[in-house]
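*Asks:* My file is coords.cif. It has mmCIF, C-alpha atoms:
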data_coords
#
loop_
_atom_site.label_atom_id
_atom_site.label_comp_id
_atom_site.auth_asym_id
_atom_site.auth_seq_id
_atom_site.Cartn_x
_atom_site.Cartn_y
_atom_site.Cartn_z
CA MET K 53 -76.71 -13.45 -72.60
CA ARG K 54 -76.79 -16.71 -70.67
CA ASN K 55 -74.57 -18.41 -73.25
CA MET K 56 -71.85 -15.78 -73.08
CA PRO K 57 -68.55 -17.27 -71.85
CA LYS K 58 -67.32 -16.06 -68.53
CA CYS K 59 -64.01 -14.24 -68.69
CA GLN K 60 -61.78 -12.95 -65.93
CA ALA K 61 -62.09 -9.19 -65.61
CA THR K 62 -58.59 -8.66 -64.30
CA THR K 63 -55.35 -10.57 -64.14
CA SER K 64 -54.35 -11.54 -60.63
CA ILE K 65 -50.98 -10.37 -59.35
CA PRO K 66 -48.61 -13.32 -58.82
CA VAL K 67 -47.70 -13.38 -55.14
CA GLN K 68 -46.38 -16.93 -54.88
CA LEU K 69 -43.26 -18.26 -56.58
CA SER K 70 -42.65 -21.91 -57.32
CA GLY K 71 -39.50 -23.58 -56.07
CA PRO K 72 -37.71 -23.42 -59.46
CA GLU K 73 -38.72 -19.77 -59.95
CA PHE K 74 -37.40 -18.84 -56.52
CA ILE K 75 -34.08 -20.63 -57.11
CA ALA K 76 -33.64 -19.11 -60.57
CA PHE K 77 -34.69 -15.49 -59.99
CA ILE K 78 -34.57 -14.64 -56.27
CA PHE K 79 -32.27 -16.92 -54.30
CA PRO K 80 -28.98 -15.86 -55.99
CA HIS K 81 -29.50 -12.29 -54.73
CA LEU K 82 -30.41 -13.08 -51.11
CA SER K 83 -27.85 -12.95 -48.32
CA MET K 84 -27.61 -16.07 -46.18
CA PRO K 85 -26.38 -16.33 -42.57
CA ARG K 86 -22.73 -17.36 -42.31
CA ARG K 87 -23.06 -18.70 -38.79
CA GLY K 88 -25.80 -20.15 -36.68
CA SER K 89 -28.73 -22.35 -37.60
CA LYS K 90 -30.39 -21.89 -40.96
CA CYS K 91 -34.10 -21.55 -41.56
CA LYS K 92 -35.76 -24.94 -41.03
CA LEU K 93 -38.87 -23.90 -42.97
CA GLY K 94 -36.88 -23.13 -46.10
CA TYR K 95 -36.27 -19.70 -47.60
CA HIS K 96 -38.61 -20.40 -50.50
CA ARG K 97 -41.59 -20.68 -48.15
CA VAL K 98 -40.38 -17.73 -46.08
CA PHE K 99 -40.12 -15.55 -49.18
CA ASN K 100 -43.64 -16.49 -50.26
CA LEU K 101 -44.96 -15.57 -46.82
CA ILE K 102 -43.21 -12.19 -47.10
CA LEU K 103 -44.79 -11.62 -50.52
CA TRP K 104 -48.18 -12.48 -49.08
CA VAL K 105 -47.85 -9.91 -46.29
CA LEU K 106 -46.69 -7.21 -48.72
CA TYR K 107 -49.53 -8.00 -51.12
CA THR K 108 -52.36 -8.16 -48.59
CA GLY K 109 -51.10 -5.48 -46.20
CA MET K 110 -51.96 -7.67 -43.21
CA GLN K 111 -50.16 -7.38 -39.90
CA TRP K 112 -47.15 -9.64 -39.47
CA LYS K 113 -48.71 -11.33 -36.46
CA CYS K 114 -51.70 -12.33 -38.62
CA MET K 115 -49.51 -14.13 -41.14
CA PRO K 116 -50.77 -17.65 -41.99
CA VAL K 117 -47.62 -19.48 -40.87
CA PRO K 118 -47.49 -23.25 -41.47
CA ARG K 119 -48.49 -25.37 -38.49
CA THR K 120 -48.12 -28.96 -37.37
CA ALA K 121 -51.00 -31.37 -36.91
CA ASP K 122 -51.41 -30.27 -33.27
CA GLY K 123 -51.53 -26.59 -34.24
CA THR K 124 -47.97 -25.63 -33.27
CA ALA K 125 -46.45 -22.97 -35.51
CA LEU K 126 -43.42 -24.20 -37.47
CA ILE K 127 -41.93 -20.71 -37.42
CA HIS K 128 -42.70 -17.55 -35.46
CA TYR K 129 -43.86 -14.51 -37.40
CA THR K 130 -41.14 -12.36 -35.81
CA THR K 131 -38.51 -14.66 -37.34
CA ILE K 132 -39.96 -14.06 -40.80
CA TYR K 133 -39.99 -10.31 -40.20
CA LYS K 134 -36.34 -10.41 -39.11
CA VAL K 135 -35.43 -12.19 -42.35
CA PHE K 136 -37.36 -9.58 -44.34
CA ALA K 137 -35.69 -6.73 -42.43
CA LYS K 138 -32.23 -8.20 -43.03
CA TRP K 139 -32.83 -8.62 -46.76
CA ALA K 140 -34.22 -5.10 -47.02
CA ASP K 141 -31.36 -3.56 -45.01
CA ASP K 142 -28.50 -5.25 -46.86
CA GLY K 143 -29.93 -4.60 -50.33
CA SER K 144 -30.84 -8.21 -51.17
CA LEU K 145 -34.42 -7.38 -52.13
CA GLU K 146 -33.27 -4.38 -54.15
CA GLN K 147 -30.83 -6.55 -56.10
CA ALA K 148 -33.54 -9.14 -56.74
CA PHE K 149 -35.84 -6.39 -57.99
CA ILE K 150 -33.19 -4.96 -60.33
CA ALA K 151 -32.42 -8.44 -61.65
CA SER K 152 -36.11 -9.07 -62.36
CA VAL K 153 -36.36 -5.89 -64.42
CA ARG K 154 -33.13 -6.81 -66.26
CA HIS K 155 -34.57 -10.27 -67.00
CA LEU K 156 -37.72 -8.75 -68.49
CA ALA K 157 -35.64 -6.37 -70.62
CA GLU K 158 -33.38 -9.15 -71.91
CA HIS K 159 -36.43 -11.20 -72.95
CA HIS K 160 -38.03 -8.17 -74.66
CA GLN K 161 -41.06 -8.18 -72.37
CA LEU K 162 -40.94 -4.47 -71.51
CA ASP K 163 -42.97 -1.90 -73.42
CA LEU K 164 -41.25 1.43 -72.81
CA ASN K 165 -43.25 3.42 -75.35
CA ILE K 166 -45.36 4.77 -72.50
CA LEU K 167 -44.39 4.96 -68.83
CA HIS K 168 -47.02 5.27 -66.13
CA GLY K 169 -46.74 6.60 -62.59
CA ASP K 170 -48.77 4.69 -60.01
CA GLY K 171 -48.98 6.48 -56.67
CA THR K 172 -49.95 4.94 -53.35
CA ASN K 173 -50.51 6.67 -50.01
CA THR K 174 -49.56 5.48 -46.54
CA VAL K 175 -51.07 6.86 -43.36
CA ALA K 176 -48.42 7.97 -40.86
CA LYS K 177 -50.17 8.76 -37.59
CA LYS K 178 -46.95 8.88 -35.57
CA GLY K 179 -45.05 11.15 -37.94
CA GLY K 180 -41.97 10.51 -40.04
CA ASP K 181 -40.02 11.92 -42.97
CA GLY K 182 -41.87 13.70 -45.77
CA ILE K 183 -45.21 13.84 -43.97
CA GLY K 184 -48.01 15.96 -45.41
CA TYR K 185 -51.74 16.44 -44.87
CA SER K 186 -54.30 15.52 -47.52
CA GLY K 187 -57.42 17.63 -47.23
CA HIS K 188 -59.15 15.36 -49.73
CA LYS K 189 -58.58 12.17 -47.73
CA HIS K 190 -58.39 13.90 -44.33
CA GLN K 191 -55.21 12.10 -43.32
CA ARG K 192 -51.55 12.72 -42.61
CA GLY K 193 -49.09 10.56 -44.47
CA GLU K 194 -46.72 10.08 -47.35
CA LYS K 195 -46.69 8.57 -50.81
CA ILE K 196 -44.46 6.66 -53.18
CA ILE K 197 -44.68 6.73 -56.94
CA ALA K 198 -43.96 3.50 -58.83
CA ILE K 199 -42.96 3.91 -62.47
CA VAL K 200 -44.39 1.07 -64.59
CA ASP K 201 -44.15 0.24 -68.27
CA ASN K 202 -47.07 -0.14 -70.64
CA ASN K 203 -47.47 -3.80 -69.63
CA GLY K 204 -47.73 -2.96 -65.94
CA PHE K 205 -44.26 -4.12 -64.89
CA VAL K 206 -42.76 -2.01 -62.11
CA LEU K 207 -39.51 -0.40 -63.29
CA ALA K 208 -38.59 1.83 -60.37
CA PRO K 209 -40.15 2.83 -57.05
CA LEU K 210 -39.46 6.55 -56.72
CA PRO K 211 -39.07 8.48 -53.49
CA VAL K 212 -41.43 9.09 -50.65
CA ALA K 213 -43.19 12.45 -50.87
CA PRO K 214 -45.79 14.21 -48.70
CA VAL K 215 -49.27 12.85 -49.27
CA ASN K 216 -50.51 16.28 -50.36
CA GLU K 217 -47.94 16.49 -53.18
CA THR K 218 -49.30 15.72 -56.64
CA ASP K 219 -48.20 12.53 -58.37
CA THR K 220 -46.63 14.50 -61.21
CA MET K 221 -44.24 16.33 -58.88
CA ALA K 222 -42.69 13.37 -57.02
CA PRO K 223 -41.15 11.61 -60.07
CA ALA K 224 -39.59 14.84 -61.33
CA ARG K 225 -38.05 15.52 -57.92
CA GLY K 226 -36.73 11.97 -57.66
CA ILE K 227 -35.16 12.03 -61.10
CA GLU K 228 -33.55 15.44 -60.66
CA HIS K 229 -32.47 14.83 -57.06
CA PRO K 230 -31.75 11.14 -56.39
CA GLU K 231 -30.79 11.96 -52.82
CA ALA K 232 -34.43 12.90 -52.21
CA ARG K 233 -35.31 9.22 -52.10
CA GLY K 234 -34.81 9.40 -48.35
CA GLN K 235 -33.12 6.00 -47.98
CA THR K 236 -31.14 6.99 -44.93
CA ASP K 237 -31.18 3.70 -43.06
CA GLY K 238 -32.50 0.17 -43.12
CA SER K 239 -35.95 1.06 -41.80
CA GLU K 240 -36.42 3.39 -44.75
CA ASN K 241 -35.51 0.62 -47.18
CA ARG K 242 -38.04 -1.70 -45.53
CA ARG K 243 -40.70 0.98 -45.86
CA LEU K 244 -39.99 1.46 -49.57
CA VAL K 245 -39.99 -2.27 -50.22
CA SER K 246 -43.25 -2.78 -48.35
CA GLN K 247 -44.93 -0.09 -50.45
CA SER K 248 -43.77 -1.47 -53.80
CA ARG K 249 -45.51 -3.99 -56.02
CA TRP K 250 -43.43 -6.75 -57.52
CA ARG K 251 -43.92 -8.68 -60.72
CA VAL K 252 -41.28 -11.31 -61.44
#
In structure tokens, what does this structure look like?
*Replies:*
Amino acid sequence: MRNMPKCQATTSIPVQLSGPEFIAFIFPHLSMPRRGSKCKLGYHRVFNLILWVLYTGMQWKCMPVPRTADGTALIHYTTIYKVFAKWADDGSLEQAFIASVRHLAEHHQLDLNILHGDGTNTVAKKGGDGIGYSGHKHQRGEKIIAIVDNNGFVLAPLPVAPVNETDTMAPARGIEHPEARGQTDGSENRRLVSQSRWRV
């Protein structure tokens, strides 16, 4: 037993993109400011910080922003959130997501023989759209169902549903009634993006 080679039990989710990957797959779909000063930190580093927050679920104010030698932050966390909100509101992140799925399909990396629905719940203590109560988890909230292929690549995040609704009901409702996705404004888009898992 001692001589058995150690193997990694799971494959880690990539949450950091290299500079060339960002330029090739993400940057062409992001909106850039037409006036005013541009981001001094660089949008590649900003995007990686956004991915890190979405992956870990940490608060924006706890984000590990780069700092100078004397400890001064090179960028404020609210600036990064504003960039994320803008990209979510104007559809930049959605276009980047669609392009990533198209890239996987063109390179024959998708296995569509079996599709899986991966549901995740979000606690909503202050209310909101599509809120339900889960007696099993003793919480009020909502859920989103992500449709993934047999390799684990996310194909489509489907609409928010009450947390007490079964995972098998939400995809059917989203497919039959696309308007049920609830994307009524920018804040809704940000919520859907923050609850999705990306693989590029």
*Asks:* If we count only C-alpha atoms and set the cut-off at 7 Å, which residues sit around segment 162-173 of chain K, ignoring sequence neighbours fewer than 6 positions away in its own chain? Please answer as a PyMOL selection string.
*Replies:* chain K and resi 156+193-203+215+219
*Asks:* Once the PyMOL selection byres ((chain K and resi 117) around 10) is applied to the coordinates I shared, what remains selected? I want it as a VMD selection string.
*Replies:* chain K and resid 97 to 98 101 112 to 116 118 to 119 124 to 129 132
*Asks:* Save the residues we just selected, C-alpha atoms, as a PDB file, keeping the file's coordinate frame?
*Replies:*
ATOM      1  CA  ARG K  97     -41.590 -20.680 -48.150  1.00  0.00           C
ATOM      2  CA  VAL K  98     -40.380 -17.730 -46.080  1.00  0.00           C
ATOM      3  CA  LEU K 101     -44.960 -15.570 -46.820  1.00  0.00           C
ATOM      4  CA  TRP K 112     -47.150  -9.640 -39.470  1.00  0.00           C
ATOM      5  CA  LYS K 113     -48.710 -11.330 -36.460  1.00  0.00           C
ATOM      6  CA  CYS K 114     -51.700 -12.330 -38.620  1.00  0.00           C
ATOM      7  CA  MET K 115     -49.510 -14.130 -41.140  1.00  0.00           C
ATOM      8  CA  PRO K 116     -50.770 -17.650 -41.990  1.00  0.00           C
ATOM      9  CA  PRO K 118     -47.490 -23.250 -41.470  1.00  0.00           C
ATOM     10  CA  ARG K 119     -48.490 -25.370 -38.490  1.00  0.00           C
ATOM     11  CA  THR K 124     -47.970 -25.630 -33.270  1.00  0.00           C
ATOM     12  CA  ALA K 125     -46.450 -22.970 -35.510  1.00  0.00           C
ATOM     13  CA  LEU K 126     -43.420 -24.200 -37.470  1.00  0.00           C
ATOM     14  CA  ILE K 127     -41.930 -20.710 -37.420  1.00  0.00           C
ATOM     15  CA  HIS K 128     -42.700 -17.550 -35.460  1.00  0.00           C
ATOM     16  CA  TYR K 129     -43.860 -14.510 -37.400  1.00  0.00           C
ATOM     17  CA  ILE K 132     -39.960 -14.060 -40.800  1.00  0.00           C
TER      18      ILE K 132
END
*Asks:* Could you tell me how far atom CA of Phe77 of chain K sits from atom CA of Thr131 of chain K, in Å to one decimal place?
*Replies:* 23.0 Å
*Asks:* Step by step, work through what the PyMOL selection byres ((chain K and resi 78-89) around 6) selects in the shown file, and finish by giving those residues as a list in words.
*Replies:* Phe74, Ile75, Phe77, Lys90, Ser144 and Ala148 of chain K
*Asks:* Expand the PyMOL selection byres ((chain K and resi 67-72) around 7) into the individual residues it matches in the shown file, reporting them as a PyMOL selection string.
*Replies:* chain K and resi 65-66+73-76+96+100+103-104+107
*Asks:* Could you write out the selected residues, including C-alpha atoms, as a PDB file, in the coordinates of the input?
*Replies:*
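Result file is again33.pdb:
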ATOM      1  CA  ILE K  65     -50.980 -10.370 -59.350  1.00  0.00           C
ATOM      2  CA  PRO K  66     -48.610 -13.320 -58.820  1.00  0.00           C
ATOM      3  CA  GLU K  73     -38.720 -19.770 -59.950  1.00  0.00           C
ATOM      4  CA  PHE K  74     -37.400 -18.840 -56.520  1.00  0.00           C
ATOM      5  CA  ILE K  75     -34.080 -20.630 -57.110  1.00  0.00           C
ATOM      6  CA  ALA K  76     -33.640 -19.110 -60.570  1.00  0.00           C
ATOM      7  CA  HIS K  96     -38.610 -20.400 -50.500  1.00  0.00           C
ATOM      8  CA  ASN K 100     -43.640 -16.490 -50.260  1.00  0.00           C
ATOM      9  CA  LEU K 103     -44.790 -11.620 -50.520  1.00  0.00           C
ATOM     10  CA  TRP K 104     -48.180 -12.480 -49.080  1.00  0.00           C
ATOM     11  CA  TYR K 107     -49.530  -8.000 -51.120  1.00  0.00           C
TER      12      TYR K 107
END
*Asks:* Calculate how many Å separate atom CA of Val153 of chain K from atom CA of Val206 of chain K, rounding to one decimal.
*Replies:*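 Atom CA of Val206 of chain K lies 7.8 Å from atom CA of Val153 of chain K.
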*Asks:* In Å to one decimal, how far is atom CA of Val175 of chain K from atom CA of Leu145 of chain K?
*Replies:*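 We find that atom CA of Leu145 of chain K and atom CA of Val175 of chain K lie 23.6 Å from each other.
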*Asks:* Between K:Ser152, K:Thr174, K:Thr120, K:Gln147, which is the closest to Leu207 of chain K once you count only C-alpha atoms?
*Replies:* K:Ser152
